[in-house]
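*Asks:* Pasting target-v8.cif below, which is mmCIF, C-alpha atoms and all ligand atoms.
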data_run
loop_
_atom_site.label_atom_id
_atom_site.label_comp_id
_atom_site.auth_asym_id
_atom_site.auth_seq_id
_atom_site.Cartn_x
_atom_site.Cartn_y
_atom_site.Cartn_z
CA MET S 29 48.41 10.93 -127.57
CA ILE S 30 46.73 9.78 -124.36
CA THR S 31 44.52 12.09 -122.33
CA LEU S 32 44.19 11.14 -118.67
CA HIS S 33 41.20 12.49 -116.76
CA HIS S 34 42.70 12.92 -113.33
CA LEU S 35 41.11 13.68 -109.98
CA ASN S 36 43.08 15.12 -107.06
CA ASN S 37 43.91 12.67 -104.23
CA SER S 38 42.74 9.66 -106.14
CA ARG S 39 43.49 6.34 -107.78
CA SER S 40 44.34 8.09 -111.04
CA GLN S 41 47.73 9.10 -109.56
CA ARG S 42 48.90 5.54 -110.26
CA ILE S 43 47.98 5.95 -113.95
CA ILE S 44 50.19 9.04 -114.23
CA TRP S 45 52.96 6.93 -112.74
CA LEU S 46 52.40 4.14 -115.28
CA LEU S 47 52.35 6.64 -118.17
CA GLU S 48 55.68 7.98 -116.92
CA GLU S 49 57.09 4.44 -116.67
CA LEU S 50 55.96 3.71 -120.25
CA LYS S 51 57.33 7.03 -121.54
CA VAL S 52 54.28 7.57 -123.75
CA ASP S 53 53.04 11.03 -124.69
CA PHE S 54 50.14 12.12 -122.52
CA VAL S 55 48.28 15.15 -121.29
CA ILE S 56 46.36 15.47 -118.05
CA GLU S 57 42.90 16.98 -117.76
CA TYR S 58 42.46 17.96 -114.14
CA HIS S 59 39.12 17.50 -112.36
CA LYS S 60 38.47 18.49 -108.76
CA ARG S 61 36.73 16.92 -105.80
CA ASP S 62 33.90 18.82 -104.15
CA LEU S 63 35.30 20.07 -100.84
CA LYS S 64 32.19 19.06 -98.87
CA THR S 65 31.15 15.75 -100.42
CA TYR S 66 34.61 14.66 -101.64
CA LEU S 67 32.85 13.47 -104.83
CA ALA S 68 34.12 14.44 -108.29
CA GLU S 69 32.78 17.56 -109.96
CA ASP S 70 30.28 17.01 -112.80
CA SER S 71 32.89 17.57 -115.53
CA LEU S 72 33.88 13.89 -115.24
CA LYS S 73 30.35 12.78 -116.15
CA LYS S 74 30.90 14.31 -119.59
CA VAL S 75 33.85 11.95 -120.07
CA HIS S 76 32.26 8.74 -118.76
CA ALA S 77 28.74 7.94 -117.50
CA LEU S 78 29.89 7.02 -113.97
CA GLY S 79 31.75 10.30 -113.48
CA LYS S 80 34.72 8.66 -111.76
CA SER S 81 38.45 8.84 -112.26
CA PRO S 82 40.67 7.51 -113.78
CA VAL S 83 39.49 7.58 -117.39
CA ILE S 84 41.78 7.74 -120.42
CA TYR S 85 41.18 8.65 -124.06
CA ASP S 86 43.62 7.35 -126.67
CA ASP S 87 43.43 9.22 -129.98
CA GLN S 88 45.49 6.48 -131.72
CA THR S 89 42.65 4.00 -131.25
CA ASP S 90 39.83 6.50 -130.58
CA MET S 91 38.96 4.65 -127.36
CA THR S 92 37.78 5.94 -124.01
CA ILE S 93 38.62 3.53 -121.19
CA ALA S 94 37.59 3.60 -117.53
CA GLU S 95 38.44 1.46 -114.47
CA SER S 96 42.06 1.44 -113.27
CA GLY S 97 42.55 -2.29 -113.94
CA THR S 98 41.34 -2.03 -117.54
CA ILE S 99 43.36 1.12 -118.11
CA ILE S 100 46.55 -0.52 -116.82
CA GLU S 101 45.91 -3.66 -118.92
CA TYR S 102 45.23 -1.50 -121.99
CA LEU S 103 48.35 0.65 -121.56
CA VAL S 104 50.62 -2.32 -120.84
CA HIS S 105 49.18 -4.31 -123.74
CA THR S 106 49.43 -1.41 -126.19
CA TYR S 107 52.58 0.42 -125.09
CA GLY S 108 54.64 -1.78 -122.75
CA GLN S 109 54.40 -5.56 -122.98
CA HIS S 110 57.58 -5.76 -120.86
CA LEU S 111 55.43 -4.78 -117.87
CA LYS S 112 53.54 -8.06 -117.83
CA PRO S 113 54.69 -11.69 -117.58
CA GLU S 114 54.47 -14.00 -120.56
CA LEU S 115 50.90 -15.12 -121.28
CA GLY S 116 49.91 -18.42 -119.64
CA THR S 117 52.90 -18.68 -117.26
CA ALA S 118 52.45 -18.98 -113.49
CA ALA S 119 53.74 -15.40 -113.17
CA TYR S 120 51.08 -14.25 -115.65
CA TRP S 121 48.31 -15.65 -113.44
CA GLN S 122 49.91 -14.02 -110.41
CA TYR S 123 49.77 -10.79 -112.40
CA GLN S 124 46.07 -11.30 -113.14
CA TYR S 125 45.40 -12.23 -109.53
CA TRP S 126 46.89 -9.03 -108.05
CA MET S 127 45.35 -6.88 -110.81
CA HIS S 128 41.91 -8.08 -109.68
CA PHE S 129 42.65 -8.38 -105.97
CA SER S 130 43.45 -4.68 -105.61
CA GLU S 131 40.02 -3.30 -106.54
CA GLY S 132 37.98 -6.50 -106.06
CA SER S 133 39.09 -7.59 -102.56
CA LEU S 134 41.30 -5.00 -100.89
CA MET S 135 39.64 -1.69 -101.75
CA PRO S 136 35.99 -2.50 -100.77
CA PRO S 137 36.59 -2.88 -96.99
CA MET S 138 38.97 0.12 -97.10
CA VAL S 139 36.29 2.28 -98.74
CA MET S 140 33.75 0.96 -96.22
CA ASN S 141 36.03 2.03 -93.33
CA LEU S 142 36.42 5.47 -94.86
CA VAL S 143 32.68 5.95 -95.39
CA LEU S 144 31.81 4.76 -91.87
CA THR S 145 34.45 6.99 -90.31
CA LYS S 146 33.11 9.98 -92.28
CA MET S 147 29.53 9.07 -91.29
CA LYS S 148 30.45 9.06 -87.60
CA GLU S 149 31.95 12.55 -87.94
CA SER S 150 29.19 14.08 -90.07
CA PRO S 151 26.55 16.42 -88.58
CA MET S 152 23.35 14.72 -87.35
CA PRO S 153 20.76 15.22 -84.58
CA PHE S 154 22.45 14.69 -81.18
CA PHE S 155 20.14 11.83 -80.19
CA VAL S 156 21.07 9.82 -83.34
CA LYS S 157 24.83 10.29 -82.96
CA PRO S 158 25.54 7.59 -80.30
CA ILE S 159 23.53 5.03 -82.28
CA ALA S 160 25.21 5.91 -85.60
CA ARG S 161 28.62 5.73 -83.88
CA LYS S 162 27.87 2.36 -82.36
CA ILE S 163 26.71 0.87 -85.65
CA GLY S 164 29.77 2.30 -87.48
CA ASP S 165 32.17 0.99 -84.81
CA GLN S 166 30.58 -2.47 -84.84
CA ILE S 167 30.84 -2.83 -88.64
CA ILE S 168 34.48 -1.68 -88.57
CA LYS S 169 35.26 -4.02 -85.66
CA GLN S 170 33.49 -7.09 -86.98
CA PHE S 171 33.73 -6.78 -90.77
CA SER S 172 35.90 -4.21 -92.52
CA GLY S 173 38.72 -4.06 -89.91
CA PRO S 174 39.34 -7.84 -89.76
CA ASN S 175 39.06 -8.11 -93.57
CA ILE S 176 41.69 -5.42 -94.11
CA LYS S 177 43.97 -7.01 -91.50
CA ARG S 178 43.68 -10.47 -93.08
CA SER S 179 44.43 -9.06 -96.54
CA LEU S 180 47.45 -7.15 -95.25
CA GLU S 181 48.79 -10.28 -93.52
CA PHE S 182 48.39 -12.15 -96.79
CA ILE S 183 50.19 -9.42 -98.77
CA GLU S 184 52.92 -9.21 -96.13
CA ASP S 185 53.52 -12.93 -96.42
CA HIS S 186 53.71 -12.68 -100.23
CA LEU S 187 56.09 -9.71 -100.16
CA SER S 188 58.36 -11.41 -97.63
CA ASN S 189 59.40 -13.75 -100.50
CA ASN S 190 58.91 -11.44 -103.49
CA MET S 191 60.44 -8.10 -104.37
CA TRP S 192 57.47 -7.22 -106.61
CA PHE S 193 54.00 -8.78 -106.80
CA CYS S 194 55.06 -11.10 -109.65
CA GLY S 195 58.46 -11.93 -108.19
CA ASP S 196 61.57 -10.28 -109.63
CA GLN S 197 59.74 -8.62 -112.52
CA PHE S 198 58.18 -5.19 -111.97
CA THR S 199 54.74 -5.23 -113.65
CA GLY S 200 51.45 -3.39 -114.03
CA ALA S 201 50.21 -5.35 -111.00
CA ASP S 202 52.61 -3.35 -108.81
CA VAL S 203 51.06 -0.17 -110.15
CA GLN S 204 47.56 -1.48 -109.48
CA MET S 205 48.45 -2.60 -105.93
CA SER S 206 50.26 0.64 -105.07
CA PHE S 207 47.19 2.78 -104.32
CA PRO S 208 45.56 0.71 -101.53
CA LEU S 209 48.99 0.08 -100.00
CA GLU S 210 50.11 3.69 -99.98
CA ALA S 211 46.68 4.67 -98.62
CA SER S 212 47.24 2.07 -95.86
CA ALA S 213 50.75 3.40 -95.21
CA SER S 214 49.34 6.89 -94.71
CA THR S 215 47.18 5.64 -91.80
CA GLY S 216 50.19 4.13 -90.00
CA ILE S 217 48.81 0.57 -90.10
CA LEU S 218 51.79 -0.71 -92.12
CA LYS S 219 54.12 -0.36 -89.13
CA ASP S 220 53.11 -3.97 -88.38
CA PHE S 221 53.77 -5.02 -92.00
CA PRO S 222 57.45 -4.22 -92.71
CA ASN S 223 57.72 -5.94 -96.10
CA THR S 224 54.61 -4.18 -97.35
CA LEU S 225 55.91 -0.85 -96.10
CA ALA S 226 59.22 -1.58 -97.84
CA PHE S 227 57.29 -2.16 -101.09
CA VAL S 228 55.62 1.26 -100.75
CA LYS S 229 59.00 2.88 -100.08
CA ARG S 230 60.52 1.12 -103.11
CA VAL S 231 57.70 2.48 -105.25
CA HIS S 232 58.09 6.00 -103.85
CA ALA S 233 61.80 5.97 -104.69
CA LEU S 234 61.27 5.27 -108.41
CA PRO S 235 62.11 8.23 -110.71
CA ALA S 236 58.90 7.76 -112.76
CA TYR S 237 56.83 7.78 -109.56
CA LYS S 238 58.45 11.04 -108.45
CA ALA S 239 57.91 12.61 -111.88
CA ALA S 240 54.23 11.57 -111.70
CA LEU S 241 53.84 13.22 -108.30
CA GLU S 242 55.04 16.51 -109.72
CA LYS S 243 52.52 16.34 -112.55
CA GLY S 244 49.51 15.08 -110.56
CA GLY S 245 49.19 17.91 -108.05
CA GLU S 246 47.46 17.38 -104.72
CA TYR S 247 48.02 13.79 -103.47
CA ALA S 248 47.69 12.84 -99.82
CA TYR S 249 49.18 9.33 -99.88
CA ALA S 250 52.81 9.77 -100.93
N1 LIG E 301 37.28 0.76 -109.27
C1 LIG E 301 37.38 2.06 -109.89
C2 LIG E 301 37.05 3.10 -108.83
C3 LIG E 301 36.94 4.49 -109.40
C4 LIG E 301 36.68 5.49 -108.27
O1 LIG E 301 35.86 5.26 -107.37
N2 LIG E 301 37.39 6.62 -108.31
C5 LIG E 301 37.25 7.61 -107.30
C6 LIG E 301 38.59 8.27 -107.07
S1 LIG E 301 39.70 7.32 -106.13
C7 LIG E 301 36.32 8.72 -107.75
O2 LIG E 301 36.29 9.04 -108.92
N3 LIG E 301 35.61 9.33 -106.80
C8 LIG E 301 34.79 10.46 -107.04
C9 LIG E 301 33.31 10.16 -107.12
O3 LIG E 301 32.92 9.01 -106.86
O4 LIG E 301 32.55 11.10 -107.39
C10 LIG E 301 38.78 2.22 -110.47
O5 LIG E 301 39.71 1.59 -109.97
O6 LIG E 301 38.94 2.96 -111.45
#
How would this structure read if it were set down as structure tokens?
Ligand SMILES: N[C@@H](CCC(=O)N[C@@H](CS)C(=O)NCC(=O)O)C(=O)O

*Replies:*
Amino acid sequence: MITLHHLNNSRSQRIIWLLEELKVDFVIEYHKRDLKTYLAEDSLKKVHALGKSPVIYDDQTDMTIAESGTIIEYLVHTYGQHLKPELGTAAYWQYQYWMHFSEGSLMPPMVMNLVLTKMKESPMPFFVKPIARKIGDQIIKQFSGPNIKRSLEFIEDHLSNNMWFCGDQFTGADVQMSFPLEASASTGILKDFPNTLAFVKRVHALPAYKAALEKGGEYAYA
């Protein structure tokens, strides 16, 4: 039995979806975000030193595993080899590429945008506010914004020729890529990226995805 340590409105929603796709037995332990800081409550630190979600525990192997990419690789390797291309093929390296790209290249500028936007809105002495705003706007304009746009153009181009990230085969890489893309969709930016938006809609129409939404609770990106 797998235990998933889940946080509301977070990346761990995609792990519930994968568990549903794999039809393995699992239970969810729910953790909550602090309403003010948006950080996870301390209960997650008892599960893993970094106190972040997702984390899974598998009692078959007595292993605790953190980091979405590792969790997806572990679950696919252990319970659903059909969700990854054959080792060593071109499709397999595509799979590896998108598995890493999601958290390694796409998420960092997205998180930066989120933090800077929150910083601009947070309370501070009135005389600091215009300076903080200007710095935040400049970083978004010159760094995170253009990086996100370039990545989305790249993804759009890939999805204009591919139904899923590894071509015709639905894989764990689609699960890993779903979170940043549905988070992007929720901001409206994907109106300029029709193939990427179509991918998100395809994901949202899957029965296992819908079942996962019912189990996960609060989720702002679907
Ligand atoms: N790269 C990690 C990121 C983990 C992460 O930052 N999770 C967020 C939820 S989306 C979290 O736990 N935030 C709460 C906190 O940092 O206290 C992964 O993909 O698992």

*Asks:* Show me which residues line ligand LIG 301 (chain E), defined as having an atom within 7 Å of a ligand atom where only C-alpha atoms and all ligand atoms count, and present them as a PyMOL selection string.

*Replies:* chain S and resi 35+38-40+61+66-69+79-82+94-97+131

*Asks:* Name the residues in contact with Glu149 of chain S at a cut-off of 10 Å, using all atoms listed in the file, excluding same-chain residues fewer than 6 positions from it; report them as an MDAnalysis selection string.

*Replies:* chainID S and resid 143 157 160:161

*Asks:* How close does each residue of segment 161-190 of chain S get to segment 212-236 of chain S, giving the shortest atom pair and distance in Å to one decimal for every residue with an atom at most 8 Å away, counting all atoms listed in the file, sorted by chain and residue number, as a Markdown table?

*Replies:*
| residue | atom | partner | partner_atom | distance |
| --- | --- | --- | --- | --- |
| S:Leu180 | CA | S:Phe221 | CA | 7.4 |
| S:Glu181 | CA | S:Phe221 | CA | 7.4 |
| S:Ile183 | CA | S:Thr224 | CA | 7.0 |
| S:Glu184 | CA | S:Thr224 | CA | 5.4 |
| S:Leu187 | CA | S:Asn223 | CA | 5.8 |
| S:Ser188 | CA | S:Asn223 | CA | 5.7 |

*Asks:* Provide an axis-aligned box for all listed atoms of segment 106-121 of chain S, padding each side by 8 Å; report its centre and its edge lengths in Å to one decimal, as lines of an AutoDock Vina configuration file.

*Replies:*
center_x = 52.9
center_y = -9.3
center_z = -119.7
size_x = 25.3
size_y = 35.4
size_z = 29.0

*Asks:* Measuring atom to atom with all atoms listed in the file, identify which of S:Ile176, S:Leu50, S:Met205, S:Leu144 is nearest to Gln109 of chain S.

*Replies:*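 Result for the nearest residue to Gln109 of chain S: S:Leu50.
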
*Asks:* Could you please determine the separation between atom CA of Glu57 of chain S and atom CA of Gln41 of chain S in Å, to one decimal place?

*Replies:*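 Taking atom CA of Glu57 of chain S as the start and atom CA of Gln41 of chain S as the end point, the length is 12.4 Å.
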
*Asks:* Pick the closest to Pro208 of chain S from S:Ser71, S:Ser130, S:Gln170, S:Thr106: which is it, counting only C-alpha atoms?

*Replies:* S:Ser130

*Asks:* Around the point (48.1, 3.3, -110.2) in the file's coordinates, collect all residues with an atom within 7 Å, using only C-alpha atoms, and return them as a VMD selection string.

*Replies:* chain S and resid 39 to 43 45 to 46 203 to 204 206 to 207

*Asks:* Quick one, how far is atom CA of Met29 of chain S from atom CA of Asp86 of chain S?

*Replies:*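 Rounded to one decimal, the two atoms are 6.0 Å apart.
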
*Asks:* Which residues are near Gly164 of chain S? Cut-off 8 Å, only C-alpha atoms, ignore same chain within fewer than 6 positions. Put them as a list in words.

*Replies:* Leu144, Thr145, Met147 and Lys148 of chain S

*Asks:* Enter the distance from atom CA of Ala240 of chain S to atom CA of Ile44 of chain S, in Å, rounded to one decimal.

*Replies:*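 So the answer is 5.4 Å.
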
*Asks:* Between S:Met135, S:Leu47, S:Leu63, S:Leu78, which has the minimum distance to Ile99 of chain S (counting all atoms listed in the file)?

*Replies:* S:Leu47

*Asks:* Do you know which residues are at most 8 Å from Tyr123 of chain S counting all atoms listed in the file, after dropping those on the same chain fewer than 4 positions away, and could you put them as a list in words?

*Replies:*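 The residues satisfying every condition are Lys112, Pro113, Ala119, Met127, Phe193, Cys194, Thr199, Gly200 and Ala201 of chain S.
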
*Asks:* Using all atoms listed in the file, which of S:Ala77, S:Leu111, S:Ile84, S:Ile168 sits nearest Val55 of chain S?

*Replies:*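 Nearest candidate to Val55 of chain S out of S:Ala77, S:Leu111, S:Ile84, S:Ile168: S:Ile84.
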
*Asks:* At a cut-off of 10 Å from (39.7, -2.4, -91.8) in the coordinates of the file, what residues are picked up using all atoms listed in the file, written as a PyMOL selection string?

*Replies:* chain S and resi 134-142+167-180+212+217

*Asks:* Generate N, CA, C and O atoms for segment 208-233 of chain S and emit them as a PDB file, keeping the file's coordinate frame.

*Replies:*
ATOM      1  N   PRO S 208      46.044   1.103-102.861  1.00  0.00           N
ATOM      2  CA  PRO S 208      45.560   0.710-101.530  1.00  0.00           C
ATOM      3  C   PRO S 208      46.694   0.606-100.504  1.00  0.00           C
ATOM      4  O   PRO S 208      46.483   0.883 -99.318  1.00  0.00           O
ATOM      5  N   LEU S 209      47.906   0.255-100.967  1.00  0.00           N
ATOM      6  CA  LEU S 209      48.990   0.080-100.000  1.00  0.00           C
ATOM      7  C   LEU S 209      49.561   1.424 -99.549  1.00  0.00           C
ATOM      8  O   LEU S 209      49.885   1.602 -98.382  1.00  0.00           O
ATOM      9  N   GLU S 210      49.628   2.398-100.465  1.00  0.00           N
ATOM     10  CA  GLU S 210      50.110   3.690 -99.980  1.00  0.00           C
ATOM     11  C   GLU S 210      49.045   4.390 -99.147  1.00  0.00           C
ATOM     12  O   GLU S 210      49.360   5.091 -98.188  1.00  0.00           O
ATOM     13  N   ALA S 211      47.758   4.120 -99.466  1.00  0.00           N
ATOM     14  CA  ALA S 211      46.680   4.670 -98.620  1.00  0.00           C
ATOM     15  C   ALA S 211      46.777   4.040 -97.220  1.00  0.00           C
ATOM     16  O   ALA S 211      46.620   4.730 -96.207  1.00  0.00           O
ATOM     17  N   SER S 212      47.069   2.732 -97.165  1.00  0.00           N
ATOM     18  CA  SER S 212      47.240   2.070 -95.860  1.00  0.00           C
ATOM     19  C   SER S 212      48.433   2.667 -95.117  1.00  0.00           C
ATOM     20  O   SER S 212      48.361   2.931 -93.915  1.00  0.00           O
ATOM     21  N   ALA S 213      49.548   2.855 -95.850  1.00  0.00           N
ATOM     22  CA  ALA S 213      50.750   3.400 -95.210  1.00  0.00           C
ATOM     23  C   ALA S 213      50.451   4.754 -94.571  1.00  0.00           C
ATOM     24  O   ALA S 213      50.930   5.057 -93.471  1.00  0.00           O
ATOM     25  N   SER S 214      49.606   5.550 -95.232  1.00  0.00           N
ATOM     26  CA  SER S 214      49.340   6.890 -94.710  1.00  0.00           C
ATOM     27  C   SER S 214      48.540   6.866 -93.403  1.00  0.00           C
ATOM     28  O   SER S 214      48.511   7.848 -92.678  1.00  0.00           O
ATOM     29  N   THR S 215      47.911   5.728 -93.076  1.00  0.00           N
ATOM     30  CA  THR S 215      47.180   5.640 -91.800  1.00  0.00           C
ATOM     31  C   THR S 215      48.086   5.134 -90.671  1.00  0.00           C
ATOM     32  O   THR S 215      47.679   5.142 -89.515  1.00  0.00           O
ATOM     33  N   GLY S 216      49.273   4.634 -91.021  1.00  0.00           N
ATOM     34  CA  GLY S 216      50.190   4.130 -90.000  1.00  0.00           C
ATOM     35  C   GLY S 216      50.066   2.627 -89.769  1.00  0.00           C
ATOM     36  O   GLY S 216      50.889   2.024 -89.083  1.00  0.00           O
ATOM     37  N   ILE S 217      49.063   1.993 -90.370  1.00  0.00           N
ATOM     38  CA  ILE S 217      48.810   0.570 -90.100  1.00  0.00           C
ATOM     39  C   ILE S 217      49.959  -0.322 -90.583  1.00  0.00           C
ATOM     40  O   ILE S 217      50.181  -1.414 -90.041  1.00  0.00           O
ATOM     41  N   LEU S 218      50.740   0.158 -91.571  1.00  0.00           N
ATOM     42  CA  LEU S 218      51.790  -0.710 -92.120  1.00  0.00           C
ATOM     43  C   LEU S 218      53.016  -0.844 -91.215  1.00  0.00           C
ATOM     44  O   LEU S 218      53.939  -1.581 -91.540  1.00  0.00           O
ATOM     45  N   LYS S 219      52.984  -0.174 -90.046  1.00  0.00           N
ATOM     46  CA  LYS S 219      54.120  -0.360 -89.130  1.00  0.00           C
ATOM     47  C   LYS S 219      54.223  -1.834 -88.712  1.00  0.00           C
ATOM     48  O   LYS S 219      55.306  -2.327 -88.394  1.00  0.00           O
ATOM     49  N   ASP S 220      53.096  -2.541 -88.735  1.00  0.00           N
ATOM     50  CA  ASP S 220      53.110  -3.970 -88.380  1.00  0.00           C
ATOM     51  C   ASP S 220      53.366  -4.861 -89.608  1.00  0.00           C
ATOM     52  O   ASP S 220      53.311  -6.087 -89.491  1.00  0.00           O
ATOM     53  N   PHE S 221      53.593  -4.251 -90.767  1.00  0.00           N
ATOM     54  CA  PHE S 221      53.770  -5.020 -92.000  1.00  0.00           C
ATOM     55  C   PHE S 221      55.022  -4.509 -92.736  1.00  0.00           C
ATOM     56  O   PHE S 221      54.916  -3.805 -93.744  1.00  0.00           O
ATOM     57  N   PRO S 222      56.214  -4.846 -92.207  1.00  0.00           N
ATOM     58  CA  PRO S 222      57.450  -4.220 -92.710  1.00  0.00           C
ATOM     59  C   PRO S 222      57.747  -4.479 -94.184  1.00  0.00           C
ATOM     60  O   PRO S 222      58.270  -3.591 -94.864  1.00  0.00           O
ATOM     61  N   ASN S 223      57.426  -5.665 -94.681  1.00  0.00           N
ATOM     62  CA  ASN S 223      57.720  -5.940 -96.100  1.00  0.00           C
ATOM     63  C   ASN S 223      56.791  -5.157 -97.020  1.00  0.00           C
ATOM     64  O   ASN S 223      57.169  -4.759 -98.125  1.00  0.00           O
ATOM     65  N   THR S 224      55.572  -4.940 -96.557  1.00  0.00           N
ATOM     66  CA  THR S 224      54.610  -4.180 -97.350  1.00  0.00           C
ATOM     67  C   THR S 224      55.005  -2.700 -97.350  1.00  0.00           C
ATOM     68  O   THR S 224      54.968  -2.031 -98.391  1.00  0.00           O
ATOM     69  N   LEU S 225      55.435  -2.228 -96.184  1.00  0.00           N
ATOM     70  CA  LEU S 225      55.910  -0.850 -96.100  1.00  0.00           C
ATOM     71  C   LEU S 225      57.150  -0.656 -96.979  1.00  0.00           C
ATOM     72  O   LEU S 225      57.287   0.365 -97.665  1.00  0.00           O
ATOM     73  N   ALA S 226      58.015  -1.674 -96.993  1.00  0.00           N
ATOM     74  CA  ALA S 226      59.220  -1.580 -97.840  1.00  0.00           C
ATOM     75  C   ALA S 226      58.833  -1.505 -99.317  1.00  0.00           C
ATOM     76  O   ALA S 226      59.471  -0.788-100.097  1.00  0.00           O
ATOM     77  N   PHE S 227      57.773  -2.228 -99.699  1.00  0.00           N
ATOM     78  CA  PHE S 227      57.290  -2.160-101.090  1.00  0.00           C
ATOM     79  C   PHE S 227      56.879  -0.712-101.408  1.00  0.00           C
ATOM     80  O   PHE S 227      57.256  -0.156-102.454  1.00  0.00           O
ATOM     81  N   VAL S 228      56.087  -0.113-100.510  1.00  0.00           N
ATOM     82  CA  VAL S 228      55.620   1.260-100.750  1.00  0.00           C
ATOM     83  C   VAL S 228      56.819   2.206-100.877  1.00  0.00           C
ATOM     84  O   VAL S 228      56.860   3.054-101.780  1.00  0.00           O
ATOM     85  N   LYS S 229      57.808   2.006-100.017  1.00  0.00           N
ATOM     86  CA  LYS S 229      59.000   2.880-100.080  1.00  0.00           C
ATOM     87  C   LYS S 229      59.771   2.665-101.378  1.00  0.00           C
ATOM     88  O   LYS S 229      60.302   3.621-101.961  1.00  0.00           O
ATOM     89  N   ARG S 230      59.832   1.413-101.830  1.00  0.00           N
ATOM     90  CA  ARG S 230      60.520   1.120-103.110  1.00  0.00           C
ATOM     91  C   ARG S 230      59.822   1.853-104.258  1.00  0.00           C
ATOM     92  O   ARG S 230      60.453   2.434-105.115  1.00  0.00           O
ATOM     93  N   VAL S 231      58.482   1.800-104.216  1.00  0.00           N
ATOM     94  CA  VAL S 231      57.700   2.480-105.250  1.00  0.00           C
ATOM     95  C   VAL S 231      57.977   3.986-105.198  1.00  0.00           C
ATOM     96  O   VAL S 231      58.235   4.631-106.228  1.00  0.00           O
ATOM     97  N   HIS S 232      57.937   4.551-103.987  1.00  0.00           N
ATOM     98  CA  HIS S 232      58.090   6.000-103.850  1.00  0.00           C
ATOM     99  C   HIS S 232      59.473   6.495-104.268  1.00  0.00           C
ATOM    100  O   HIS S 232      59.647   7.670-104.555  1.00  0.00           O
ATOM    101  N   ALA S 233      60.440   5.568-104.302  1.00  0.00           N
ATOM    102  CA  ALA S 233      61.800   5.970-104.690  1.00  0.00           C
ATOM    103  C   ALA S 233      62.016   5.947-106.206  1.00  0.00           C
ATOM    104  O   ALA S 233      63.039   6.425-106.690  1.00  0.00           O
TER     105      ALA S 233
END
